[in-house]
Amino acid sequence: MIQLRLERNQPLQETSWALPRLDIPKAKSVRGHLAVSADAGFRLTPAATQGLTDIATAFFPRQVPGIQAAFRLSDPAWQATLSIERIAQSIQADALHLFSIGEGVAYGSSLINYVVAGAPVSSFKVELSREYFNVEFTGKDIRNWQKTDGGYVVQLHTPVSGAYALLATYERPFKAQGDQLAFTGARPLEAQSEQGHTIIISAYQFQVKPAEVSPGLLPLETGEVPAQYRLFFDAPILAAYRYTARPFNLQLQLTPLAQGETINQVVDRASLTTRISEEGQVLTDARYFIKSKGAPHFRLTLPPNTRLWSVLCS
């Protein structure tokens with residue numbers, strides 16, 4: 001058995017492809033099968049055939065990735081011409097924008113779930129405001145990312161088609177006394193449609209007031225947040241919205257609530273033992289079990305006409 005692998009690097013310019021034929025001189029009979037495959041994003045259809053019989057691709061003797069047409073040879077001098085069509089590219093996106101508010105810093109992450117139909121994609125363009133820094137992208141086969149005017153371009157090692165998840169993380173500072181922040185998140189460019197959720201959480205107490213909210217945004221109660229998104233956080237939800245299209249504007253006024261003072265020191269348990277000595281003095285032993293929060297001292301007030309003999313601390 002002889003196996004040949006031939007390759008010709010040439011850009012696709014024509015819409016038809018005449019399949020090359022390998023002739024075997026002095027062969028008494030030639031039998032076999034012919035398969036045609038293509039990468040994602042191309043559609044091949046037989047335009048003209050001679051000396052070939054169409055068969056279902058499932059009946060081809062071998063498994064060929066991306067097979068689109070199969071034939072059985074009925075004449076050694078066969079001929080075939082295929083039509084080449086580029087499939088229109090379609091990109092849909094479903095995103096989750098999660099913002100965690102800390103003390104003077106807002107941490108953001110955008111999980112963008114792409115669905116690419118047609119031609120594969122070798123890079124993704126993401127729009128992100130200039131106010132964010134420490135921007136990082138995480139995903140399968142990411143080669144690098146470059147900052148552009150108004151966003152970033154994420155390059156991939158190999159083009160992808162179908163489902164693809166891209167995670168963008170970023171952060172921005174704000175005034176600790178309160179500030180107005182935008183929560184639009186990372187926007188996937190070149191997507192025909194986009195929908196998703198924006199969730200703002202914090203372990204700290206903030207008063208949230210809408211400043212500029214687009215009419216297309218739907219406010220959500222805590223119980224209306226999808227259950228699969230609740231797995232990403234455990235902090236209380238300050239605000240949540242759902243959107244069905246871009247662009248939209250979401251700016252909220254965050255004001256930290258005043259924190260109440262707590263007790264820094266408490267006597268958890270006390271034991272007082274009083275006895276009369278042989279000299280007729282009244283002696284009292286006092287034991288205190290203290291819980292303290294950053295207080296290095298323990299203040300006591302003695303009763304009148306008493307004297308402190310000794311103090312021990314374990």
# chains A, B, ... in the order shown; residues from 1 in each chain; ligands from 1

call {"tool": "residues_around", "arguments": {"residues": "segment 261-272 of chain A", "least_positions_apart": "4", "cutoff": "9 Å", "atoms": "only C-alpha atoms", "output": "PDB file with N, CA, C and O atoms, in the first residue's frame"}}
result
ATOM      1  N   THR A 284     -11.317  38.999  99.453  1.00  0.00           N
ATOM      2  CA  THR A 284     -12.126  38.631  98.279  1.00  0.00           C
ATOM      3  C   THR A 284     -11.201  38.310  97.112  1.00  0.00           C
ATOM      4  O   THR A 284     -10.325  39.130  96.750  1.00  0.00           O
ATOM      5  N   ASP A 285     -11.370  37.124  96.539  1.00  0.00           N
ATOM      6  CA  ASP A 285     -10.672  36.714  95.320  1.00  0.00           C
ATOM      7  C   ASP A 285     -11.640  36.852  94.141  1.00  0.00           C
ATOM      8  O   ASP A 285     -12.722  36.258  94.147  1.00  0.00           O
ATOM      9  N   ALA A 286     -11.235  37.631  93.175  1.00  0.00           N
ATOM     10  CA  ALA A 286     -12.079  37.858  91.985  1.00  0.00           C
ATOM     11  C   ALA A 286     -11.372  37.298  90.749  1.00  0.00           C
ATOM     12  O   ALA A 286     -10.199  37.606  90.499  1.00  0.00           O
ATOM     13  N   ARG A 287     -12.087  36.474  90.005  1.00  0.00           N
ATOM     14  CA  ARG A 287     -11.572  35.922  88.742  1.00  0.00           C
ATOM     15  C   ARG A 287     -12.488  36.350  87.604  1.00  0.00           C
ATOM     16  O   ARG A 287     -13.709  36.188  87.685  1.00  0.00           O
ATOM     17  N   TYR A 288     -11.864  36.886  86.556  1.00  0.00           N
ATOM     18  CA  TYR A 288     -12.618  37.364  85.400  1.00  0.00           C
ATOM     19  C   TYR A 288     -12.090  36.673  84.131  1.00  0.00           C
ATOM     20  O   TYR A 288     -10.878  36.624  83.909  1.00  0.00           O
ATOM     21  N   PHE A 289     -13.014  36.132  83.341  1.00  0.00           N
ATOM     22  CA  PHE A 289     -12.695  35.557  82.029  1.00  0.00           C
ATOM     23  C   PHE A 289     -13.140  36.579  80.979  1.00  0.00           C
ATOM     24  O   PHE A 289     -14.343  36.830  80.811  1.00  0.00           O
ATOM     25  N   ILE A 290     -12.141  37.171  80.291  1.00  0.00           N
ATOM     26  CA  ILE A 290     -12.380  38.345  79.453  1.00  0.00           C
ATOM     27  C   ILE A 290     -12.240  37.972  77.980  1.00  0.00           C
ATOM     28  O   ILE A 290     -11.334  37.216  77.587  1.00  0.00           O
ATOM     29  N   LYS A 291     -13.110  38.544  77.175  1.00  0.00           N
ATOM     30  CA  LYS A 291     -12.985  38.519  75.714  1.00  0.00           C
ATOM     31  C   LYS A 291     -12.718  39.948  75.258  1.00  0.00           C
ATOM     32  O   LYS A 291     -13.528  40.845  75.487  1.00  0.00           O
ATOM     33  N   SER A 292     -11.569  40.121  74.617  1.00  0.00           N
ATOM     34  CA  SER A 292     -11.136  41.463  74.263  1.00  0.00           C
ATOM     35  C   SER A 292     -10.881  41.546  72.770  1.00  0.00           C
ATOM     36  O   SER A 292     -10.404  40.595  72.133  1.00  0.00           O
ATOM     37  N   LYS A 293     -11.175  42.700  72.190  1.00  0.00           N
ATOM     38  CA  LYS A 293     -10.945  42.968  70.770  1.00  0.00           C
ATOM     39  C   LYS A 293     -10.032  44.190  70.650  1.00  0.00           C
ATOM     40  O   LYS A 293     -10.479  45.317  70.575  1.00  0.00           O
ATOM     41  N   GLY A 294      -8.753  43.934  70.672  1.00  0.00           N
ATOM     42  CA  GLY A 294      -7.781  44.994  70.500  1.00  0.00           C
ATOM     43  C   GLY A 294      -7.600  45.893  71.705  1.00  0.00           C
ATOM     44  O   GLY A 294      -6.953  46.940  71.609  1.00  0.00           O
ATOM     45  N   ALA A 295      -8.177  45.563  72.861  1.00  0.00           N
ATOM     46  CA  ALA A 295      -8.026  46.394  74.063  1.00  0.00           C
ATOM     47  C   ALA A 295      -6.920  45.811  74.931  1.00  0.00           C
ATOM     48  O   ALA A 295      -7.049  44.683  75.441  1.00  0.00           O
ATOM     49  N   PHE A 298      -7.550  46.300  81.114  1.00  0.00           N
ATOM     50  CA  PHE A 298      -8.807  45.922  81.742  1.00  0.00           C
ATOM     51  C   PHE A 298      -8.979  46.805  82.981  1.00  0.00           C
ATOM     52  O   PHE A 298      -8.206  46.735  83.934  1.00  0.00           O
TER      53      PHE A 298
END

call {"tool": "closest_atom_pairs", "arguments": {"of": "segment 17-38 of chain A", "to": "segment 70-82 of chain A", "cutoff": "8 Å", "atoms": "only C-alpha atoms", "output": "JSON lines"}}
result
{"residue": "A:Trp17", "atom": "CA", "partner": "A:Leu82", "partner_atom": "CA", "distance": 5.1}
{"residue": "A:Ala18", "atom": "CA", "partner": "A:Thr81", "partner_atom": "CA", "distance": 4.3}
{"residue": "A:Leu19", "atom": "CA", "partner": "A:Ala80", "partner_atom": "CA", "distance": 5.7}
{"residue": "A:Arg21", "atom": "CA", "partner": "A:Gln79", "partner_atom": "CA", "distance": 7.5}
{"residue": "A:Asp23", "atom": "CA", "partner": "A:Pro76", "partner_atom": "CA", "distance": 7.7}
{"residue": "A:Ser29", "atom": "CA", "partner": "A:Pro76", "partner_atom": "CA", "distance": 7.6}
{"residue": "A:Val30", "atom": "CA", "partner": "A:Pro76", "partner_atom": "CA", "distance": 5.7}
{"residue": "A:Arg31", "atom": "CA", "partner": "A:Leu73", "partner_atom": "CA", "distance": 5.8}
{"residue": "A:Gly32", "atom": "CA", "partner": "A:Leu73", "partner_atom": "CA", "distance": 5.5}
{"residue": "A:His33", "atom": "CA", "partner": "A:Arg72", "partner_atom": "CA", "distance": 4.4}
{"residue": "A:Leu34", "atom": "CA", "partner": "A:Phe71", "partner_atom": "CA", "distance": 5.0}
{"residue": "A:Ala35", "atom": "CA", "partner": "A:Ala70", "partner_atom": "CA", "distance": 4.4}
{"residue": "A:Val36", "atom": "CA", "partner": "A:Ala70", "partner_atom": "CA", "distance": 6.4}

call {"tool": "closest_residue", "arguments": {"among": "A:Arg187, A:Lys140, A:Lys28, A:His97", "to": "Ile201 of chain A", "atoms": "only C-alpha atoms"}}
result
A:His97

call {"tool": "select_by_dssp", "arguments": {"residues": "segment 10-239 of chain A", "states": "helix (DSSP H, G or I)", "output": "JSON, numbers by chain"}}
result
{"A": [57, 58, 59, 222, 223, 224, 230, 231, 232]}

call {"tool": "write_last_selection", "arguments": {"atoms": "N, CA, C and O atoms", "output": "JSON list (two decimals), in the first residue's frame"}}
result
[["chain", "number", "residue", "atom", "x", "y", "z"],
["A", 57, "THR", "N", -22.01, 10.14, 2.99],
["A", 57, "THR", "CA", -20.73, 10.30, 3.68],
["A", 57, "THR", "C", -20.56, 9.30, 4.82],
["A", 57, "THR", "O", -19.44, 8.93, 5.17],
["A", 58, "ALA", "N", -21.69, 8.84, 5.39],
["A", 58, "ALA", "CA", -21.60, 7.85, 6.47],
["A", 58, "ALA", "C", -21.10, 6.50, 5.98],
["A", 58, "ALA", "O", -20.60, 5.70, 6.78],
["A", 59, "PHE", "N", -21.23, 6.21, 4.66],
["A", 59, "PHE", "CA", -20.80, 4.93, 4.10],
["A", 59, "PHE", "C", -19.38, 4.96, 3.56],
["A", 59, "PHE", "O", -18.94, 3.97, 2.96],
["A", 222, "THR", "N", -33.43, 39.63, 44.29],
["A", 222, "THR", "CA", -32.40, 38.64, 44.61],
["A", 222, "THR", "C", -32.84, 37.24, 44.20],
["A", 222, "THR", "O", -32.04, 36.46, 43.67],
["A", 223, "GLY", "N", -34.09, 36.91, 44.40],
["A", 223, "GLY", "CA", -34.57, 35.59, 44.03],
["A", 223, "GLY", "C", -34.72, 35.37, 42.54],
["A", 223, "GLY", "O", -34.87, 34.23, 42.10],
["A", 224, "GLU", "N", -34.68, 36.45, 41.75],
["A", 224, "GLU", "CA", -34.80, 36.32, 40.31],
["A", 224, "GLU", "C", -33.47, 36.12, 39.59],
["A", 224, "GLU", "O", -33.46, 35.89, 38.39],
["A", 230, "ARG", "N", -25.58, 32.14, 40.91],
["A", 230, "ARG", "CA", -25.38, 32.26, 42.36],
["A", 230, "ARG", "C", -24.19, 31.43, 42.83],
["A", 230, "ARG", "O", -23.70, 31.64, 43.94],
["A", 231, "LEU", "N", -23.72, 30.52, 42.00],
["A", 231, "LEU", "CA", -22.58, 29.70, 42.38],
["A", 231, "LEU", "C", -21.27, 30.48, 42.32],
["A", 231, "LEU", "O", -20.26, 30.04, 42.86],
["A", 232, "PHE", "N", -21.26, 31.65, 41.66],
["A", 232, "PHE", "CA", -20.04, 32.41, 41.50],
["A", 232, "PHE", "C", -19.74, 33.34, 42.68],
["A", 232, "PHE", "O", -18.65, 33.89, 42.75]]

call {"tool": "residues_around", "arguments": {"residues": "segment 130-132 of chain A", "least_positions_apart": "6", "cutoff": "12 Å", "atoms": "only C-alpha atoms", "output": "VMD selection string"}}
result
chain A and resid 105 to 109 147 to 152 168 to 174 181 to 186

call {"tool": "write_last_selection", "arguments": {"atoms": "N, CA, C and O atoms", "output": "mmCIF file, in the first residue's frame"}}
result
data_model
loop_
_atom_site.group_PDB
_atom_site.id
_atom_site.type_symbol
_atom_site.label_atom_id
_atom_site.label_comp_id
_atom_site.auth_asym_id
_atom_site.auth_seq_id
_atom_site.Cartn_x
_atom_site.Cartn_y
_atom_site.Cartn_z
ATOM 1 N N VAL A 105 -12.316 50.191 45.984
ATOM 2 C CA VAL A 105 -11.960 49.491 44.752
ATOM 3 C C VAL A 105 -13.148 48.650 44.299
ATOM 4 O O VAL A 105 -13.779 47.967 45.114
ATOM 5 N N ALA A 106 -13.443 48.733 43.005
ATOM 6 C CA ALA A 106 -14.486 47.911 42.404
ATOM 7 C C ALA A 106 -13.823 46.865 41.509
ATOM 8 O O ALA A 106 -13.094 47.214 40.575
ATOM 9 N N TYR A 107 -14.044 45.599 41.830
ATOM 10 C CA TYR A 107 -13.490 44.497 41.055
ATOM 11 C C TYR A 107 -14.562 43.968 40.108
ATOM 12 O O TYR A 107 -15.676 43.653 40.541
ATOM 13 N N GLY A 108 -14.220 43.879 38.837
ATOM 14 C CA GLY A 108 -15.189 43.437 37.843
ATOM 15 C C GLY A 108 -14.702 42.231 37.073
ATOM 16 O O GLY A 108 -13.498 42.018 36.882
ATOM 17 N N SER A 109 -15.648 41.416 36.636
ATOM 18 C CA SER A 109 -15.359 40.264 35.776
ATOM 19 C C SER A 109 -16.531 40.085 34.824
ATOM 20 O O SER A 109 -17.692 40.210 35.227
ATOM 21 N N LYS A 147 -4.025 46.014 23.506
ATOM 22 C CA LYS A 147 -4.909 47.136 23.796
ATOM 23 C C LYS A 147 -5.055 48.003 22.555
ATOM 24 O O LYS A 147 -4.085 48.331 21.883
ATOM 25 N N THR A 148 -6.287 48.371 22.243
ATOM 26 C CA THR A 148 -6.582 49.217 21.096
ATOM 27 C C THR A 148 -7.378 50.426 21.578
ATOM 28 O O THR A 148 -7.626 50.591 22.772
ATOM 29 N N ASP A 149 -7.766 51.268 20.653
ATOM 30 C CA ASP A 149 -8.587 52.425 21.002
ATOM 31 C C ASP A 149 -9.973 51.960 21.440
ATOM 32 O O ASP A 149 -10.766 51.475 20.631
ATOM 33 N N GLY A 150 -10.230 52.094 22.728
ATOM 34 C CA GLY A 150 -11.546 51.733 23.241
ATOM 35 C C GLY A 150 -11.728 50.289 23.617
ATOM 36 O O GLY A 150 -12.859 49.877 23.909
ATOM 37 N N GLY A 151 -10.673 49.504 23.619
ATOM 38 C CA GLY A 151 -10.874 48.104 23.979
ATOM 39 C C GLY A 151 -9.627 47.265 23.795
ATOM 40 O O GLY A 151 -8.503 47.763 23.843
ATOM 41 N N TYR A 152 -9.853 45.965 23.549
ATOM 42 C CA TYR A 152 -8.770 44.997 23.419
ATOM 43 C C TYR A 152 -9.093 44.024 22.292
ATOM 44 O O TYR A 152 -10.260 43.788 21.952
ATOM 45 N N ALA A 168 -13.025 38.015 31.206
ATOM 46 C CA ALA A 168 -12.256 39.253 31.343
ATOM 47 C C ALA A 168 -12.375 39.735 32.781
ATOM 48 O O ALA A 168 -13.485 39.829 33.320
ATOM 49 N N THR A 169 -11.241 40.043 33.408
ATOM 50 C CA THR A 169 -11.220 40.567 34.771
ATOM 51 C C THR A 169 -10.540 41.925 34.761
ATOM 52 O O THR A 169 -9.589 42.152 34.010
ATOM 53 N N TYR A 170 -11.002 42.830 35.634
ATOM 54 C CA TYR A 170 -10.496 44.193 35.662
ATOM 55 C C TYR A 170 -10.892 44.815 36.991
ATOM 56 O O TYR A 170 -11.656 44.225 37.765
ATOM 57 N N GLU A 171 -10.382 46.010 37.253
ATOM 58 C CA GLU A 171 -10.712 46.713 38.485
ATOM 59 C C GLU A 171 -10.533 48.202 38.273
ATOM 60 O O GLU A 171 -9.867 48.638 37.326
ATOM 61 N N ARG A 172 -11.142 48.981 39.163
ATOM 62 C CA ARG A 172 -11.024 50.439 39.119
ATOM 63 C C ARG A 172 -11.226 51.000 40.522
ATOM 64 O O ARG A 172 -12.011 50.470 41.318
ATOM 65 N N PRO A 173 -10.509 52.073 40.862
ATOM 66 C CA PRO A 173 -10.701 52.692 42.177
ATOM 67 C C PRO A 173 -11.861 53.677 42.141
ATOM 68 O O PRO A 173 -12.296 54.132 41.079
ATOM 69 N N PHE A 174 -12.364 54.010 43.313
ATOM 70 C CA PHE A 174 -13.394 55.039 43.442
ATOM 71 C C PHE A 174 -13.271 55.669 44.817
ATOM 72 O O PHE A 174 -12.551 55.160 45.690
ATOM 73 N N LEU A 181 -20.578 55.125 39.740
ATOM 74 C CA LEU A 181 -19.829 54.171 38.940
ATOM 75 C C LEU A 181 -20.687 53.651 37.797
ATOM 76 O O LEU A 181 -21.912 53.544 37.910
ATOM 77 N N ALA A 182 -20.003 53.320 36.686
ATOM 78 C CA ALA A 182 -20.658 52.701 35.539
ATOM 79 C C ALA A 182 -20.448 51.191 35.609
ATOM 80 O O ALA A 182 -19.342 50.723 35.899
ATOM 81 N N PHE A 183 -21.506 50.440 35.317
ATOM 82 C CA PHE A 183 -21.463 48.982 35.403
ATOM 83 C C PHE A 183 -21.895 48.363 34.073
ATOM 84 O O PHE A 183 -22.739 47.463 34.046
ATOM 85 N N THR A 184 -21.307 48.831 32.986
ATOM 86 C CA THR A 184 -21.643 48.266 31.669
ATOM 87 C C THR A 184 -20.805 47.038 31.352
ATOM 88 O O THR A 184 -21.194 46.218 30.519
ATOM 89 N N GLY A 185 -19.645 46.891 31.991
ATOM 90 C CA GLY A 185 -18.828 45.701 31.777
ATOM 91 C C GLY A 185 -18.154 45.676 30.428
ATOM 92 O O GLY A 185 -18.142 46.658 29.672
ATOM 93 N N ALA A 186 -17.569 44.528 30.110
ATOM 94 C CA ALA A 186 -16.888 44.330 28.830
ATOM 95 C C ALA A 186 -17.922 44.013 27.750
ATOM 96 O O ALA A 186 -18.786 43.148 27.932
#

call {"tool": "closest_atom_pairs", "arguments": {"of": "segment 217-303 of chain A", "to": "segment 191-199 of chain A", "cutoff": "7 Å", "atoms": "only C-alpha atoms", "output": "tab-separated table"}}
result
residue	atom	partner	partner_atom	distance
A:Ala239	CA	A:Ile199	CA	6.1
A:Ala240	CA	A:Ile199	CA	4.4
A:Tyr241	CA	A:Thr198	CA	5.2
A:Arg242	CA	A:His197	CA	4.4
A:Tyr243	CA	A:Gly196	CA	5.6
A:Thr244	CA	A:Gln195	CA	4.3
A:Ala245	CA	A:Glu194	CA	5.5
A:Arg246	CA	A:Glu194	CA	6.7

call {"tool": "write_last_selection", "arguments": {"atoms": "C-alpha atoms", "output": "PDB file, in the first residue's frame"}}
result
ATOM      1  CA  ALA A 239     -28.325  45.407  42.604  1.00  0.00           C
ATOM      2  CA  ALA A 240     -29.023  43.137  39.633  1.00  0.00           C
ATOM      3  CA  TYR A 241     -30.213  43.875  36.092  1.00  0.00           C
ATOM      4  CA  ARG A 242     -30.946  41.949  32.924  1.00  0.00           C
ATOM      5  CA  TYR A 243     -30.441  43.314  29.412  1.00  0.00           C
ATOM      6  CA  THR A 244     -31.379  42.011  25.977  1.00  0.00           C
ATOM      7  CA  ALA A 245     -29.355  44.255  23.669  1.00  0.00           C
ATOM      8  CA  ARG A 246     -26.508  46.758  23.481  1.00  0.00           C
TER       9      ARG A 246
END

call {"tool": "atom_distance", "arguments": {"atom1": "atom CA of Asn134 of chain A", "atom2": "atom CA of Ala176 of chain A"}}
result
19.7 Å

call {"tool": "residues_around", "arguments": {"residues": "segment 9-12 of chain A", "least_positions_apart": "5", "cutoff": "12 Å", "atoms": "only C-alpha atoms", "output": "number ranges by chain"}}
result
A: 17, 42, 84-86

call {"tool": "write_last_selection", "arguments": {"atoms": "N, CA, C and O atoms", "output": "short mmCIF file (atom, residue, chain, number, x, y, z; two decimals), in the first residue's frame"}}
result
data_model
loop_
_atom_site.label_atom_id
_atom_site.label_comp_id
_atom_site.auth_asym_id
_atom_site.auth_seq_id
_atom_site.Cartn_x
_atom_site.Cartn_y
_atom_site.Cartn_z
N TRP A 17 -13.79 24.33 -7.87
CA TRP A 17 -12.57 23.57 -7.64
C TRP A 17 -12.66 22.28 -8.44
O TRP A 17 -13.51 21.44 -8.21
N PHE A 42 -16.71 26.70 5.27
CA PHE A 42 -16.83 26.50 3.82
C PHE A 42 -17.85 25.40 3.56
O PHE A 42 -17.96 24.42 4.30
N ILE A 84 -17.48 26.07 -4.30
CA ILE A 84 -17.01 26.48 -2.98
C ILE A 84 -17.78 27.70 -2.54
O ILE A 84 -17.86 28.70 -3.28
N GLU A 85 -18.36 27.62 -1.38
CA GLU A 85 -19.17 28.73 -0.85
C GLU A 85 -18.71 29.04 0.56
O GLU A 85 -18.56 28.14 1.39
N ARG A 86 -18.47 30.31 0.81
CA ARG A 86 -18.14 30.75 2.17
C ARG A 86 -19.43 30.93 2.97
O ARG A 86 -20.34 31.63 2.54
#

call {"tool": "select_by_dssp", "arguments": {"residues": "segment 105-280 of chain A", "states": "strand (DSSP E)", "output": "number ranges by chain"}}
result
A: 105-127, 133-139, 142-148, 151-173, 179-182, 187-188, 193-202, 206-213, 218-219, 237-243, 250-256, 265-276

call {"tool": "atom_distance", "arguments": {"atom1": "atom CA of Asn144 of chain A", "atom2": "atom CA of Ala163 of chain A"}}
result
19.8 Å

call {"tool": "residues_around", "arguments": {"residues": "Pro210 of chain A", "least_positions_apart": "3", "cutoff": "10 Å", "atoms": "only C-alpha atoms", "output": "ChimeraX atom specification"}}
result
/A:180,213,239,250-254
